[in-house]
Amino acid sequence: MMVGQFPVKQLSQFATPYYYYDMDVLRETLQVMRSESQDSNWHVHYAIKACATDAILKTIAASGVGADCVSGGEVRAAINAGFPADKIVFAGVAKMDSEIQYALEQGILCFNVESTEELAVISQLAGNMGTRARVCLRVNPNVDAHTHAKITTGLSENKFGIPLRFLADAVRLCYRLPNVVFLGLHFHIGSQITDMQPFEQLAQKINQLVTDVEQLTCIDEFGNNVQAVVTHINVGGGLGILYEHPNHFPIPNFKAYFATWRNGISLRPNQHLHFELGRSIVAQCGNLITRVLYVKHGENKQFAIVDAGMTDLIRPALYGAFHRVENLTHPDDEEQLYDIVGPICESSDVFVQGYKIAAVQRGDILAMRSAGAYGEIMASQYNLRRLPGHVISDDVQ
């Protein structure tokens, strides 16, 4: 019996809760993404923070894209999965010395630097190692992504990036420091963006900022006057998915996304454009598989209590995020209303409320869809629960 692309009989044999990754969906997503981003000066980097499961990383690395990392652990995972070091970029507001040193040892493409304080530390560490660090400056462009407050990153009130009024000083510092090579500018305004207007606004701001930066005269480490040059522009990621309709829209709107940048960015022949996509690559291939423990009838509602909780998928509790839930065991039964909740001793351990789904019974297998991004990677062992495992579709016979 198949429900959508789920091999229900086989999946029911594994101990729940666990993540099920449909590798055909991932491969198709990568194929569409790469076809829409074909340009000799364009470079896509997968944001590892979205999902770092080994099979996922190796499949993405084999497709030829690079990696976007925000910790030394992610840089190490990227290297181990087969991402070439010269396609790895390293961002994050609080890089530790040991993480910077490891990335320098590996010879990564560049550091996306978030402050002049960090810039000075990177230069010092690179000098101690007898090397030079390639850097892009992460700029806070004060562009509203019109997304959830917890996942917006490009406003002046956010902790990320260098404020616009300090950018010129930061560029000049890059040229003055002896162990730093200035490549260009980095931006990221938020996540789960489905309206292209914020990207259009960002493109316009980037065009002006690049022009402004290249008009700066800097003094290099030898006291020479040099003109600032921007060869790399990194626009971050942020492309969202349709959580409500994973069956009808399994592939994000890469066509509109890349067309927005193609039409919006004034890229010169010597410049390279970088993208850092995470959620849009892996979200739709992942599903949290859980089992119904009890159907509890309350005074005014009924609860479907499942064995997965906020320790396995924290997004609903953390962001109020929605995930479509499907009954894989009895998909054709008459629908009823439930609050679908987990076993954690927290009132916020709720996946959906007043949700209509095919009537559930104890033991039914449910799938929480579009959970490939920020699902398994954010799991915890609160309440001393075991971490969820995962099952790869290629391994299911």
# chains A, B, ... in the order shown; residues from 1 in each chain; ligands from 1

$ residues_around --residues "Tyr382 of chain A" --least-positions-apart "6" --cutoff "12 Å" --atoms "only C-alpha atoms" --output "ChimeraX atom specification"
/A:309-312,314,343-346,349

$ residues_around --residues "segment 132-141 of chain A" --least-positions-apart "5" --cutoff "9 Å" --atoms "only C-alpha atoms" --output "ChimeraX atom specification"
/A:91,104,107-115,119,122-123,126-127,153-156,158-164,167,170-171,174,178-189,202,205-206,232-234

$ write_last_selection --atoms "N, CA and C atoms" --output "tab-separated table (two decimals), in the first residue's frame"
chain	number	residue	atom	x	y	z
A	91	ALA	N	30.20	31.22	7.83
A	91	ALA	CA	29.57	32.39	8.44
A	91	ALA	C	29.35	32.13	9.93
A	104	LEU	N	40.98	27.53	8.22
A	104	LEU	CA	42.17	27.99	7.52
A	104	LEU	C	43.04	26.82	7.08
A	107	GLY	N	41.71	25.34	3.95
A	107	GLY	CA	41.77	26.19	2.76
A	107	GLY	C	40.41	26.49	2.17
A	108	ILE	N	39.44	26.84	3.03
A	108	ILE	CA	38.08	27.12	2.54
A	108	ILE	C	38.08	28.36	1.65
A	109	LEU	N	36.99	28.51	0.88
A	109	LEU	CA	36.87	29.64	-0.04
A	109	LEU	C	36.95	30.97	0.70
A	110	CYS	N	36.09	31.14	1.73
A	110	CYS	CA	36.14	32.42	2.46
A	110	CYS	C	35.35	32.35	3.76
A	111	PHE	N	35.66	33.33	4.60
A	111	PHE	CA	34.90	33.57	5.82
A	111	PHE	C	33.93	34.72	5.55
A	112	ASN	N	32.68	34.54	5.93
A	112	ASN	CA	31.73	35.65	5.92
A	112	ASN	C	31.81	36.31	7.29
A	113	VAL	N	32.44	37.48	7.33
A	113	VAL	CA	32.82	38.12	8.59
A	113	VAL	C	31.72	39.06	9.06
A	114	GLU	N	31.39	38.99	10.35
A	114	GLU	CA	30.24	39.70	10.89
A	114	GLU	C	30.58	40.96	11.67
A	115	SER	N	31.87	41.20	11.93
A	115	SER	CA	32.24	42.39	12.70
A	115	SER	C	33.71	42.69	12.47
A	119	LEU	N	37.12	40.32	12.32
A	119	LEU	CA	38.07	40.49	11.24
A	119	LEU	C	39.51	40.54	11.78
A	122	ILE	N	40.62	37.02	12.92
A	122	ILE	CA	40.92	36.15	11.79
A	122	ILE	C	42.29	36.49	11.19
A	123	SER	N	42.57	37.78	11.06
A	123	SER	CA	43.86	38.20	10.51
A	123	SER	C	45.01	37.74	11.41
A	126	ALA	N	45.41	33.93	11.15
A	126	ALA	CA	45.98	33.58	9.84
A	126	ALA	C	47.47	33.90	9.83
A	127	GLY	N	47.85	35.05	10.41
A	127	GLY	CA	49.25	35.42	10.48
A	127	GLY	C	50.06	34.43	11.29
A	153	THR	N	16.77	38.22	9.65
A	153	THR	CA	18.16	38.48	10.01
A	153	THR	C	18.72	39.76	9.42
A	154	GLY	N	17.97	40.45	8.57
A	154	GLY	CA	18.52	41.57	7.84
A	154	GLY	C	18.07	42.94	8.30
A	155	LEU	N	17.46	43.04	9.49
A	155	LEU	CA	17.05	44.33	10.02
A	155	LEU	C	18.11	44.88	10.96
A	156	SER	N	18.13	46.18	11.12
A	156	SER	CA	19.15	46.81	11.96
A	156	SER	C	19.06	46.35	13.41
A	158	ASN	N	18.65	43.27	14.34
A	158	ASN	CA	19.15	41.91	14.45
A	158	ASN	C	20.64	41.89	14.79
A	159	LYS	N	21.10	40.76	15.34
A	159	LYS	CA	22.50	40.67	15.79
A	159	LYS	C	23.48	40.42	14.65
A	160	PHE	N	22.98	40.16	13.45
A	160	PHE	CA	23.83	39.71	12.37
A	160	PHE	C	24.41	40.87	11.56
A	161	GLY	N	25.65	40.72	11.13
A	161	GLY	CA	26.21	41.60	10.13
A	161	GLY	C	26.72	42.94	10.62
A	162	ILE	N	27.37	43.65	9.69
A	162	ILE	CA	27.96	44.96	9.95
A	162	ILE	C	26.97	46.04	9.53
A	163	PRO	N	26.62	46.97	10.42
A	163	PRO	CA	25.69	48.03	10.05
A	163	PRO	C	26.21	48.83	8.86
A	164	LEU	N	25.29	49.33	8.06
A	164	LEU	CA	25.66	50.04	6.84
A	164	LEU	C	26.63	51.19	7.10
A	167	LEU	N	30.28	50.15	7.22
A	167	LEU	CA	30.81	49.30	6.15
A	167	LEU	C	32.10	49.86	5.56
A	170	ALA	N	35.02	49.13	7.67
A	170	ALA	CA	35.35	47.70	7.67
A	170	ALA	C	36.11	47.31	6.40
A	171	VAL	N	35.69	47.85	5.26
A	171	VAL	CA	36.39	47.56	4.00
A	171	VAL	C	37.83	48.07	4.08
A	174	CYS	N	39.99	45.82	6.06
A	174	CYS	CA	40.39	44.61	5.31
A	174	CYS	C	41.68	44.84	4.54
A	178	PRO	N	47.28	42.71	7.37
A	178	PRO	CA	48.25	42.02	6.51
A	178	PRO	C	47.87	40.60	6.12
A	179	ASN	N	46.95	39.98	6.83
A	179	ASN	CA	46.69	38.57	6.56
A	179	ASN	C	45.25	38.31	6.14
A	180	VAL	N	44.63	39.32	5.52
A	180	VAL	CA	43.26	39.22	5.05
A	180	VAL	C	43.21	39.62	3.58
A	181	VAL	N	42.45	38.86	2.81
A	181	VAL	CA	42.20	39.19	1.40
A	181	VAL	C	40.71	39.50	1.25
A	182	PHE	N	40.39	40.72	0.87
A	182	PHE	CA	39.00	41.14	0.73
A	182	PHE	C	38.44	40.65	-0.60
A	183	LEU	N	37.36	39.83	-0.53
A	183	LEU	CA	36.71	39.32	-1.74
A	183	LEU	C	35.46	40.11	-2.09
A	184	GLY	N	34.66	40.48	-1.07
A	184	GLY	CA	33.42	41.18	-1.40
A	184	GLY	C	32.46	41.25	-0.25
A	185	LEU	N	31.17	41.16	-0.58
A	185	LEU	CA	30.10	41.42	0.38
A	185	LEU	C	29.16	40.23	0.50
A	186	HIS	N	28.64	40.05	1.70
A	186	HIS	CA	27.73	38.95	2.00
A	186	HIS	C	26.46	39.51	2.63
A	187	PHE	N	25.31	38.94	2.27
A	187	PHE	CA	24.02	39.38	2.79
A	187	PHE	C	23.17	38.15	3.11
A	188	HIS	N	22.26	38.31	4.05
A	188	HIS	CA	21.23	37.29	4.30
A	188	HIS	C	20.14	37.97	5.11
A	189	ILE	N	18.93	38.04	4.56
A	189	ILE	CA	17.88	38.85	5.20
A	189	ILE	C	16.84	38.03	5.96
A	202	LEU	N	16.48	43.84	-1.98
A	202	LEU	CA	17.87	43.58	-1.61
A	202	LEU	C	18.79	43.74	-2.81
A	205	LYS	N	19.57	47.31	-3.38
A	205	LYS	CA	20.47	47.85	-2.37
A	205	LYS	C	21.89	47.34	-2.60
A	206	ILE	N	22.03	46.08	-2.99
A	206	ILE	CA	23.35	45.52	-3.25
A	206	ILE	C	24.04	46.26	-4.39
A	232	HIS	N	33.26	39.18	-5.32
A	232	HIS	CA	32.29	38.17	-4.89
A	232	HIS	C	31.13	38.84	-4.17
A	233	ILE	N	29.92	38.49	-4.58
A	233	ILE	CA	28.70	38.97	-3.93
A	233	ILE	C	27.90	37.75	-3.49
A	234	ASN	N	27.63	37.66	-2.20
A	234	ASN	CA	26.89	36.53	-1.65
A	234	ASN	C	25.55	37.05	-1.14

$ closest_residue --among "A:Pro252, A:Pro246, A:Gly298, A:Gly342" --to "Arg369 of chain A" --atoms "only C-alpha atoms"
A:Pro246

$ residues_around --residues "His245 of chain A" --least-positions-apart "4" --cutoff "10 Å" --atoms "only C-alpha atoms" --output "list in words"
Ile241, Phe249, Pro250, Gln284, His323, Arg324, Arg369 and Ser370 of chain A

$ write_last_selection --atoms "N, CA and C atoms" --output "short mmCIF file (atom, residue, chain, number, x, y, z; two decimals), in the first residue's frame"
data_model
loop_
_atom_site.label_atom_id
_atom_site.label_comp_id
_atom_site.auth_asym_id
_atom_site.auth_seq_id
_atom_site.Cartn_x
_atom_site.Cartn_y
_atom_site.Cartn_z
N ILE A 241 9.31 27.44 1.19
CA ILE A 241 8.57 26.35 0.57
C ILE A 241 7.09 26.49 0.95
N PHE A 249 3.15 20.69 -4.50
CA PHE A 249 4.28 21.56 -4.79
C PHE A 249 5.53 21.05 -4.06
N PRO A 250 6.04 19.89 -4.47
CA PRO A 250 7.22 19.34 -3.79
C PRO A 250 8.50 20.09 -4.11
N GLN A 284 11.32 19.43 1.69
CA GLN A 284 10.24 18.58 1.20
C GLN A 284 10.63 17.11 1.10
N HIS A 323 3.12 22.09 9.97
CA HIS A 323 3.51 20.93 9.16
C HIS A 323 2.24 20.13 8.85
N ARG A 324 2.03 19.84 7.60
CA ARG A 324 0.90 18.99 7.22
C ARG A 324 1.08 17.60 7.85
N ARG A 369 4.82 16.19 7.44
CA ARG A 369 5.46 16.46 6.16
C ARG A 369 6.39 17.68 6.21
N SER A 370 7.20 17.80 5.16
CA SER A 370 8.07 18.96 4.95
C SER A 370 8.96 19.22 6.15
#

$ closest_residue --among "A:Ser40, A:Thr53, A:Asn253, A:Asn224" --to "Pro388 of chain A" --atoms "only C-alpha atoms"
A:Thr53
